>>> print(open('run00.csv').read())   # CSV, C-alpha atoms
chain,number,residue,atom,x,y,z
A,1,MET,CA,-102.0,233.4,-13.9
A,2,THR,CA,-98.2,233.5,-13.4
A,3,ILE,CA,-95.6,231.4,-15.1
A,4,ARG,CA,-93.0,229.5,-13.2
A,5,GLY,CA,-89.7,229.8,-14.9
A,6,ILE,CA,-85.9,229.9,-14.5
A,7,ARG,CA,-83.9,233.0,-14.0
A,8,PHE,CA,-80.1,233.1,-14.5
A,9,LEU,CA,-78.7,235.3,-11.7
A,10,GLY,CA,-75.1,235.2,-12.9
A,11,GLU,CA,-71.9,233.5,-11.7
A,12,SER,CA,-73.5,230.0,-11.9
A,13,GLN,CA,-76.5,230.9,-9.9
A,14,SER,CA,-80.2,230.4,-10.9
A,15,GLU,CA,-83.6,230.2,-9.4
A,16,THR,CA,-87.1,229.2,-10.2
A,17,THR,CA,-89.5,232.2,-9.8
A,18,ASP,CA,-92.7,233.7,-11.1
A,19,PHE,CA,-93.0,235.6,-14.4
A,20,PRO,CA,-96.0,237.6,-15.6
A,21,ASP,CA,-98.7,236.0,-17.8
A,22,LEU,CA,-98.3,236.0,-21.6
A,23,GLU,CA,-100.6,236.7,-24.4
A,24,PRO,CA,-99.6,235.9,-28.0
A,25,GLY,CA,-99.2,238.9,-30.3
A,26,PRO,CA,-99.9,239.2,-34.0
A,27,ASN,CA,-98.7,236.0,-35.8
A,28,GLU,CA,-97.6,234.5,-32.5
A,29,VAL,CA,-98.7,231.4,-30.6
A,30,LEU,CA,-98.8,230.5,-27.0
A,31,VAL,CA,-96.9,227.3,-26.3
A,32,LYS,CA,-97.4,225.1,-23.3
A,33,LEU,CA,-94.0,223.6,-22.6
A,34,ARG,CA,-93.6,219.9,-22.3
A,35,SER,CA,-89.9,219.7,-22.3
A,36,SER,CA,-86.9,222.2,-22.6
A,37,GLY,CA,-83.4,221.0,-23.0
A,38,LEU,CA,-80.3,222.2,-21.2
A,39,CYS,CA,-77.6,223.1,-23.8
A,40,GLY,CA,-73.9,223.7,-23.4
A,41,SER,CA,-74.2,227.1,-25.1
A,42,ASP,CA,-76.5,228.2,-22.2
A,43,LEU,CA,-73.6,227.9,-19.8
A,44,ARG,CA,-71.9,231.1,-20.9
A,45,ARG,CA,-74.9,233.2,-19.9
A,46,TYR,CA,-75.3,231.0,-16.8
A,47,ARG,CA,-71.8,231.6,-15.6
A,48,GLU,CA,-71.2,235.2,-16.6
A,49,GLN,CA,-72.1,238.4,-14.7
A,50,PRO,CA,-75.3,239.8,-16.2
A,51,SER,CA,-75.1,243.2,-17.9
A,52,ASP,CA,-77.9,244.6,-15.7
A,53,GLU,CA,-80.9,243.5,-13.6
A,54,GLU,CA,-83.2,243.5,-16.6
A,55,ALA,CA,-81.1,240.9,-18.4
A,56,THR,CA,-81.7,238.3,-15.6
A,57,TRP,CA,-85.4,238.4,-16.3
A,58,VAL,CA,-85.2,237.1,-19.8
A,59,ARG,CA,-86.0,233.4,-19.5
A,60,PRO,CA,-83.3,231.0,-20.8
A,61,GLY,CA,-83.9,227.8,-22.8
A,62,HIS,CA,-83.4,227.5,-26.5
A,63,GLU,CA,-84.5,223.9,-26.9
A,64,PRO,CA,-88.3,224.3,-26.4
A,65,CYS,CA,-90.8,221.6,-27.2
A,66,GLY,CA,-94.5,221.6,-26.4
A,67,GLU,CA,-98.1,222.1,-27.5
A,68,VAL,CA,-99.8,225.1,-29.0
A,69,VAL,CA,-102.6,226.2,-26.7
A,70,ALA,CA,-103.6,229.7,-28.1
A,71,LEU,CA,-103.3,231.7,-31.3
A,72,GLY,CA,-102.6,235.4,-31.8
A,73,PRO,CA,-104.2,237.5,-34.5
A,74,GLY,CA,-103.3,236.4,-38.1
A,75,VAL,CA,-101.9,233.0,-37.3
A,76,THR,CA,-102.5,230.6,-40.3
A,77,GLN,CA,-99.6,228.1,-40.2
A,78,VAL,CA,-100.2,226.5,-36.8
A,79,ALA,CA,-103.3,225.2,-35.0
A,80,VAL,CA,-104.3,224.7,-31.3
A,81,GLY,CA,-103.2,221.2,-30.2
A,82,ASP,CA,-100.2,221.0,-32.5
A,83,ARG,CA,-97.2,219.3,-31.1
A,84,ILE,CA,-94.2,221.5,-32.0
A,85,MET,CA,-90.5,221.9,-31.7
A,86,GLN,CA,-89.6,225.6,-31.5
A,87,HIS,CA,-86.8,226.8,-33.8
A,88,HIS,CA,-85.2,229.4,-31.5
A,89,TYR,CA,-84.4,232.1,-34.0
A,90,ASP,CA,-86.5,234.9,-35.5
A,91,GLY,CA,-85.7,237.4,-38.3
A,92,CYS,CA,-87.2,239.8,-40.8
A,93,LEU,CA,-89.1,236.9,-42.6
A,94,ARG,CA,-88.4,238.7,-46.0
A,95,CYS,CA,-84.7,238.0,-46.8
A,96,ASP,CA,-83.6,234.9,-48.7
A,97,TYR,CA,-82.3,233.3,-45.5
A,98,CYS,CA,-85.5,233.8,-43.6
A,99,ARG,CA,-87.6,232.6,-46.4
A,100,THR,CA,-85.6,229.4,-46.5
A,101,GLY,CA,-85.9,228.8,-42.8
A,102,TRP,CA,-82.4,230.2,-41.8
A,103,GLN,CA,-83.6,233.0,-39.6
A,104,GLN,CA,-80.4,232.9,-37.6
A,105,LEU,CA,-78.6,234.2,-40.7
A,106,CYS,CA,-80.9,237.2,-41.2
A,107,PRO,CA,-78.8,240.3,-42.1
A,108,VAL,CA,-81.4,242.7,-40.6
A,109,GLN,CA,-79.9,243.0,-37.2
A,110,GLU,CA,-82.9,244.9,-35.6
A,111,LYS,CA,-85.2,242.0,-36.6
A,112,ARG,CA,-83.0,239.1,-35.4
A,113,GLY,CA,-84.2,237.5,-32.2
A,114,TYR,CA,-82.9,234.6,-30.1
A,115,TYR,CA,-85.4,232.8,-27.9
A,116,GLY,CA,-83.7,232.0,-24.7
A,117,GLY,CA,-81.3,234.9,-25.1
A,118,THR,CA,-82.8,238.2,-26.4
A,119,ARG,CA,-86.3,236.9,-26.0
A,120,HIS,CA,-88.0,234.6,-23.4
A,121,GLY,CA,-87.1,231.0,-24.0
A,122,GLY,CA,-88.4,227.6,-23.0
A,123,HIS,CA,-87.4,227.4,-19.4
A,124,GLY,CA,-90.9,228.2,-18.2
A,125,ASP,CA,-94.4,226.8,-18.1
A,126,TYR,CA,-95.4,228.8,-21.3
A,127,MET,CA,-93.7,230.9,-24.0
A,128,THR,CA,-94.9,232.9,-26.9
A,129,ALA,CA,-93.3,232.3,-30.3
A,130,HIS,CA,-93.7,233.5,-33.9
A,131,GLU,CA,-95.7,230.9,-35.9
A,132,SER,CA,-92.8,230.7,-38.4
A,133,THR,CA,-90.6,229.2,-35.7
A,134,CYS,CA,-93.0,226.3,-34.8
A,135,VAL,CA,-92.0,223.0,-36.5
A,136,PRO,CA,-94.5,220.1,-36.4
A,137,MET,CA,-93.2,217.0,-34.6
A,138,PRO,CA,-93.9,213.4,-35.7
A,139,ASP,CA,-96.1,211.5,-33.3
A,140,GLU,CA,-93.4,208.9,-32.8
A,141,VAL,CA,-91.0,211.5,-31.3
A,142,SER,CA,-91.4,212.2,-27.6
A,143,PHE,CA,-91.4,215.7,-26.2
A,144,GLU,CA,-88.0,215.1,-24.5
A,145,GLU,CA,-86.5,213.9,-27.9
A,146,GLY,CA,-88.1,217.0,-29.5
A,147,ALA,CA,-86.3,219.3,-27.1
A,148,TYR,CA,-83.0,217.5,-27.8
A,149,LEU,CA,-83.7,217.9,-31.6
A,150,ALA,CA,-84.5,221.6,-31.2
A,151,CYS,CA,-80.8,222.3,-31.0
A,152,GLY,CA,-78.1,219.7,-30.1
A,153,ALA,CA,-79.2,216.6,-31.9
A,154,SER,CA,-80.2,218.3,-35.1
A,155,THR,CA,-77.0,220.2,-35.1
A,156,ALA,CA,-75.2,216.9,-35.1
A,157,PHE,CA,-77.5,215.4,-37.8
A,158,HIS,CA,-76.9,218.3,-40.2
A,159,ALA,CA,-73.1,218.3,-39.7
A,160,LEU,CA,-73.1,214.6,-40.7
A,161,LYS,CA,-75.2,215.5,-43.8
A,162,LYS,CA,-72.6,218.1,-44.8
A,163,LEU,CA,-69.9,215.4,-44.3
A,164,ASP,CA,-72.0,213.1,-46.6
A,165,VAL,CA,-71.6,210.3,-44.1
A,166,SER,CA,-72.6,206.8,-45.3
A,167,GLY,CA,-71.8,203.1,-44.9
A,168,ARG,CA,-68.6,203.5,-46.8
A,169,ASP,CA,-67.1,205.7,-44.0
A,170,VAL,CA,-65.2,205.5,-40.8
A,171,LEU,CA,-66.3,208.5,-38.8
A,172,ALA,CA,-64.4,209.9,-35.9
A,173,VAL,CA,-66.4,212.1,-33.4
A,174,PHE,CA,-64.3,214.2,-31.1
A,175,GLY,CA,-66.2,215.0,-27.9
A,176,GLN,CA,-69.0,213.0,-26.5
A,177,GLY,CA,-71.1,215.6,-24.9
A,178,PRO,CA,-74.8,215.9,-26.0
A,179,VAL,CA,-73.9,217.0,-29.5
A,180,GLY,CA,-71.1,214.4,-30.0
A,181,LEU,CA,-73.2,211.6,-28.6
A,182,ALA,CA,-76.0,212.4,-31.0
A,183,ALA,CA,-73.5,212.5,-33.8
A,184,THR,CA,-72.3,209.0,-32.7
A,185,MET,CA,-75.8,207.6,-32.7
A,186,PHE,CA,-76.8,209.3,-36.0
A,187,GLY,CA,-73.5,208.3,-37.7
A,188,GLU,CA,-74.2,204.6,-36.8
A,189,ALA,CA,-77.7,204.9,-38.0
A,190,MET,CA,-76.4,206.3,-41.3
A,191,GLY,CA,-74.2,203.2,-41.7
A,192,ALA,CA,-70.8,204.5,-40.7
A,193,ARG,CA,-68.3,202.8,-38.4
A,194,VAL,CA,-68.0,205.4,-35.6
A,195,ILE,CA,-64.9,206.0,-33.5
A,196,ALA,CA,-65.9,208.0,-30.4
A,197,VAL,CA,-63.2,210.2,-28.8
A,198,ASP,CA,-63.3,211.7,-25.3
A,199,VAL,CA,-61.3,211.9,-22.1
A,200,ASN,CA,-64.2,210.8,-19.8
A,201,SER,CA,-64.8,207.1,-19.3
A,202,GLU,CA,-68.6,207.6,-18.6
A,203,ARG,CA,-69.1,209.5,-21.8
A,204,LEU,CA,-67.1,206.8,-23.7
A,205,ALA,CA,-69.3,204.1,-22.2
A,206,MET,CA,-72.4,206.0,-23.3
A,207,ALA,CA,-70.9,206.3,-26.8
A,208,GLU,CA,-70.4,202.6,-27.0
A,209,ASP,CA,-74.1,202.1,-26.0
A,210,ALA,CA,-75.0,204.6,-28.6
A,211,GLY,CA,-73.5,202.5,-31.4
A,212,ALA,CA,-69.8,203.5,-31.5
A,213,TRP,CA,-67.6,200.9,-33.3
A,214,LYS,CA,-64.6,201.9,-31.1
A,215,ALA,CA,-64.3,204.2,-28.1
A,216,ILE,CA,-60.9,206.0,-27.7
A,217,ASP,CA,-59.7,207.6,-24.5
A,218,ASN,CA,-57.7,210.7,-25.5
A,219,SER,CA,-56.4,211.6,-22.1
A,220,ASP,CA,-52.8,211.1,-23.2
A,221,GLY,CA,-53.4,213.0,-26.5
A,222,SER,CA,-52.9,209.9,-28.7
A,223,ALA,CA,-56.3,209.9,-30.5
A,224,VAL,CA,-54.8,210.6,-33.9
A,225,GLU,CA,-52.4,207.6,-33.6
A,226,GLN,CA,-55.1,205.4,-32.2
A,227,ILE,CA,-57.4,206.3,-35.1
A,228,ARG,CA,-54.7,205.5,-37.7
A,229,ASP,CA,-54.0,202.2,-36.0
A,230,LEU,CA,-57.7,201.3,-36.4
A,231,THR,CA,-57.8,202.4,-40.1
A,232,HIS,CA,-54.7,200.6,-41.5
A,233,GLY,CA,-52.6,203.7,-41.1
A,234,GLU,CA,-55.0,205.8,-43.4
A,235,GLY,CA,-57.1,207.8,-41.0
A,236,ALA,CA,-60.8,208.3,-40.8
A,237,ASP,CA,-62.8,209.1,-43.9
A,238,ALA,CA,-64.7,211.9,-42.0
A,239,THR,CA,-64.2,213.6,-38.6
A,240,LEU,CA,-66.5,215.8,-36.6
A,241,GLU,CA,-65.3,218.1,-33.8
A,242,ALA,CA,-67.8,218.8,-31.1
A,243,ALA,CA,-65.7,219.8,-28.2
A,244,GLY,CA,-64.7,223.3,-29.3
A,245,LEU,CA,-61.1,222.9,-28.1
A,246,PRO,CA,-57.9,223.9,-30.0
A,247,VAL,CA,-56.3,220.5,-29.4
A,248,THR,CA,-59.3,218.5,-30.7
A,249,ARG,CA,-59.8,220.9,-33.7
A,250,VAL,CA,-56.2,220.2,-34.8
A,251,ALA,CA,-56.6,216.4,-34.1
A,252,ALA,CA,-59.8,216.3,-36.2
A,253,ALA,CA,-57.9,217.6,-39.1
A,254,GLU,CA,-54.9,215.3,-38.5
A,255,ALA,CA,-57.0,212.2,-38.0
A,256,ALA,CA,-58.7,212.5,-41.3
A,257,ARG,CA,-57.2,210.5,-44.2
A,258,VAL,CA,-55.8,212.1,-47.4
A,259,PHE,CA,-58.8,213.4,-49.4
A,260,GLY,CA,-60.8,213.2,-46.1
A,261,ARG,CA,-63.4,215.5,-44.7
A,262,ALA,CA,-63.5,217.3,-41.3
A,263,CYS,CA,-66.4,219.3,-39.8
A,264,LEU,CA,-66.1,221.9,-37.0
A,265,VAL,CA,-69.2,222.1,-34.8
A,266,GLY,CA,-67.9,223.1,-31.3
A,267,GLU,CA,-68.1,226.8,-30.9
A,268,GLY,CA,-65.8,229.4,-29.2
A,269,GLY,CA,-62.1,229.6,-28.6
A,270,GLU,CA,-59.3,229.6,-31.2
A,271,VAL,CA,-57.3,227.2,-33.3
A,272,THR,CA,-54.1,227.5,-35.4
A,273,TYR,CA,-53.7,225.3,-38.4
A,274,GLU,CA,-50.7,224.9,-40.6
A,275,PRO,CA,-52.3,225.2,-44.0
A,276,THR,CA,-49.8,223.1,-45.9
A,277,PRO,CA,-49.4,220.0,-43.8
A,278,HIS,CA,-52.9,220.1,-42.2
A,279,ILE,CA,-55.0,221.0,-45.2
A,280,ILE,CA,-53.4,221.7,-48.6
A,281,HIS,CA,-51.0,218.7,-49.0
A,282,ARG,CA,-53.7,216.3,-47.7
A,283,HIS,CA,-56.5,217.6,-49.9
A,284,LEU,CA,-58.6,218.0,-46.7
A,285,THR,CA,-62.1,219.4,-47.1
A,286,LEU,CA,-62.7,221.5,-44.0
A,287,ILE,CA,-66.4,222.3,-43.2
A,288,GLY,CA,-68.1,224.5,-40.7
A,289,SER,CA,-71.6,223.7,-39.6
A,290,TRP,CA,-73.8,225.9,-37.4
A,291,THR,CA,-77.3,224.7,-36.3
A,292,PHE,CA,-79.9,224.1,-39.1
A,293,SER,CA,-83.0,225.6,-40.7
A,294,THR,CA,-86.6,225.1,-39.8
A,295,PHE,CA,-86.9,222.6,-42.6
A,296,GLY,CA,-83.7,220.9,-41.3
A,297,LEU,CA,-85.3,220.5,-37.9
A,298,ALA,CA,-88.3,218.8,-39.4
A,299,GLU,CA,-86.0,216.5,-41.5
A,300,ALA,CA,-83.9,215.4,-38.4
A,301,ALA,CA,-87.1,214.6,-36.5
A,302,GLN,CA,-88.5,212.6,-39.3
A,303,PHE,CA,-85.2,210.7,-39.5
A,304,VAL,CA,-85.5,209.8,-35.8
A,305,ALA,CA,-89.1,208.6,-36.4
A,306,ASP,CA,-88.5,206.7,-39.6
A,307,ARG,CA,-85.3,205.0,-38.5
A,308,GLN,CA,-86.5,204.5,-34.9
A,309,VAL,CA,-83.3,206.1,-33.6
A,310,PRO,CA,-83.2,205.6,-29.8
A,311,LEU,CA,-82.4,209.3,-29.0
A,312,ARG,CA,-84.3,209.0,-25.7
A,313,SER,CA,-81.6,206.7,-24.4
A,314,LEU,CA,-79.1,209.6,-24.4
A,315,ILE,CA,-81.3,211.7,-22.1
A,316,THR,CA,-79.9,210.8,-18.7
A,317,GLU,CA,-81.7,213.3,-16.5
A,318,THR,CA,-85.1,214.9,-16.5
A,319,CYS,CA,-86.3,217.3,-13.8
A,320,SER,CA,-89.2,219.6,-13.0
A,321,ILE,CA,-89.0,223.3,-13.4
A,322,GLU,CA,-88.6,223.6,-9.6
A,323,GLU,CA,-85.6,221.2,-9.7
A,324,ALA,CA,-83.9,222.9,-12.7
A,325,PRO,CA,-81.5,225.1,-10.7
A,326,GLU,CA,-80.0,222.0,-9.1
A,327,ALA,CA,-79.9,220.3,-12.5
A,328,TYR,CA,-78.0,223.2,-13.9
A,329,ILE,CA,-75.3,222.7,-11.2
A,330,ARG,CA,-74.8,219.1,-12.2
A,331,PHE,CA,-75.0,219.9,-15.9
A,332,ALA,CA,-72.4,222.7,-15.6
A,333,ALA,CA,-70.1,220.3,-13.8
A,334,GLY,CA,-69.9,218.1,-16.9
A,335,THR,CA,-72.2,215.3,-15.8
A,336,PRO,CA,-72.5,213.0,-18.9
A,337,GLY,CA,-75.6,212.8,-21.1
A,338,LYS,CA,-78.4,215.1,-22.1
A,339,PHE,CA,-80.5,217.0,-19.5
A,340,ALA,CA,-84.0,218.2,-20.0
A,341,ILE,CA,-86.7,219.9,-18.0
A,342,SER,CA,-90.0,218.0,-18.3
A,343,TRP,CA,-93.6,218.9,-17.5
A,344,ASP,CA,-94.9,215.4,-18.1
A,345,GLY,CA,-93.8,213.8,-14.8
>>> encode(input="run00.csv", output="C-alpha cells")
Amino acid sequence: MTIRGIRFLGESQSETTDFPDLEPGPNEVLVKLRSSGLCGSDLRRYREQPSDEEATWVRPGHEPCGEVVALGPGVTQVAVGDRIMQHHYDGCLRCDYCRTGWQQLCPVQEKRGYYGGTRHGGHGDYMTAHESTCVPMPDEVSFEEGAYLACGASTAFHALKKLDVSGRDVLAVFGQGPVGLAATMFGEAMGARVIAVDVNSERLAMAEDAGAWKAIDNSDGSAVEQIRDLTHGEGADATLEAAGLPVTRVAAAEAARVFGRACLVGEGGEVTYEPTPHIIHRHLTLIGSWTFSTFGLAEAAQFVADRQVPLRSLITETCSIEEAPEAYIRFAAGTPGKFAISWDG
C-alpha cells in the first residue's frame, strides 16, 4: 500500500504523489487522517527553495486530526479507534517541559521533532506519531475543527487565556487570518466585546459573523484612533496581535489602555518599541504566546464542545488530498478563512 500525500517542491510549487507505506515503531501509533489544516507557518517552507531533494520528501502538515488504526510495540495511552488531534511536537519525554506537555520547549535538541517539518506530517492518507502527541477529541468536535484546533485555533485560545479575557473587557484583535478569526470568536465566547482589525473587507465581514462587536478597516493606519474613539478615549483593555507585522505590533501596544495588556502571537519579522511611551509610562503588560501544551489542546477542544463554539463556520474551504496543491495556491494568495484537507468527502 502506498500513501497519497503532498510534497513541497519549493518556490510555491507542490504536488500530490505516492509515499511508501508506514509501520508504527515502539510507542508509536498509525493515524488515518481525516483532516489536516493549512497553516500560515507552512508557507515559509512552501515558498522557499528546499535545502536538498531529500527535504522535499518530508510531508508537510502540522495540524493533523484523525483516527488511530494501528499500535506499535509498547503503546498504552491510546487505543485503536480513538479520535485524536495530533500535537505536532516531540521531545525527550524526560525534561520538565516534556512531562508537562510542552515538548516544543524541550532543551534536548537531538530529541526535538516537528511533525510536518523534520518529520512526516498530516498532509497524507496516514502518518505515524508518538503516542504522547495524540490528544483525545470530544465527540462534539468535528475532524475539521480538530485540525483547526491542532494549531491555529488553540494558539488563539491560549493567548486569550494569558490575557485573562472576560466579560469586563474590550478586546482588540489585530489581523483576521485564521488565528485572528479564532481569537475573535473565542473572545466573544468568553464575554468580551471584540474589535476586529484588518485591511481586508472580506476578513472583516467574517469577523463580524464570528461575533465581533466592531470591525475596523486599518487600511489608512488609523486603527489606534478608531479604537480610542470606541472606548471613550481610553483604549482597549486587552489587545492581541496576530498579523506579525511591525506596524500592527506597535499599534497593539498603543491601542491598549493604561494598565492594559497586549499579547504578541504573530511570528517572524521585527519591531521597535519605545520603552517609555509604549510600555513603562503606560504600565503595559506585554505578553508573548507560542502555541500550547498537549493539555492545552485538550482544554481548547473541550471549550469548543462545552460552549458550542461554531468554529466550523470559519473553515471556508475543504479539499481532497488530490486538490490540495490548488488549495495551497489560493491559501498562499491570502484568500480569507481557514483551509483544510478532508478525507470525509
>>> closest_residue(input="run00.csv", among="A:Val309, A:Gly121, A:Gly25, A:Ala242", to="Gly211 in chain A", atoms="all atoms listed in the file")
A:Val309
>>> closest_residue(input="run00.csv", among="A:Met127, A:Ala55, A:Val75, A:Ile84", to="Glu23 in chain A", atoms="all atoms listed in the file")
A:Met127
>>> residues_near_point(input="run00.csv", point="(-74.3, 214.9, -24.0)", cutoff="12 Å", atoms="all atoms listed in the file", output="ChimeraX atom specification")
/A:37-40,148,152-153,156,175-185,198,200,202-204,206-207,210,242-243,311-317,331-332,334-340
>>> atom_distance(input="run00.csv", atom1="CA of Gln103 in chain A", atom2="CA of His130 in chain A")
11.6 Å
>>> closest_residue(input="run00.csv", among="A:Thr276, A:Gln86, A:Thr285, A:Ser166", to="Phe143 in chain A", atoms="only C-alpha atoms")
A:Gln86
>>> residues_around(input="run00.csv", residues="Ser132 in chain A", least_positions_apart="6", cutoff="12 Å", atoms="only C-alpha atoms", output="MDAnalysis selection string")
chainID A and resid 26:29 74:78 84:94 98:103 293:295
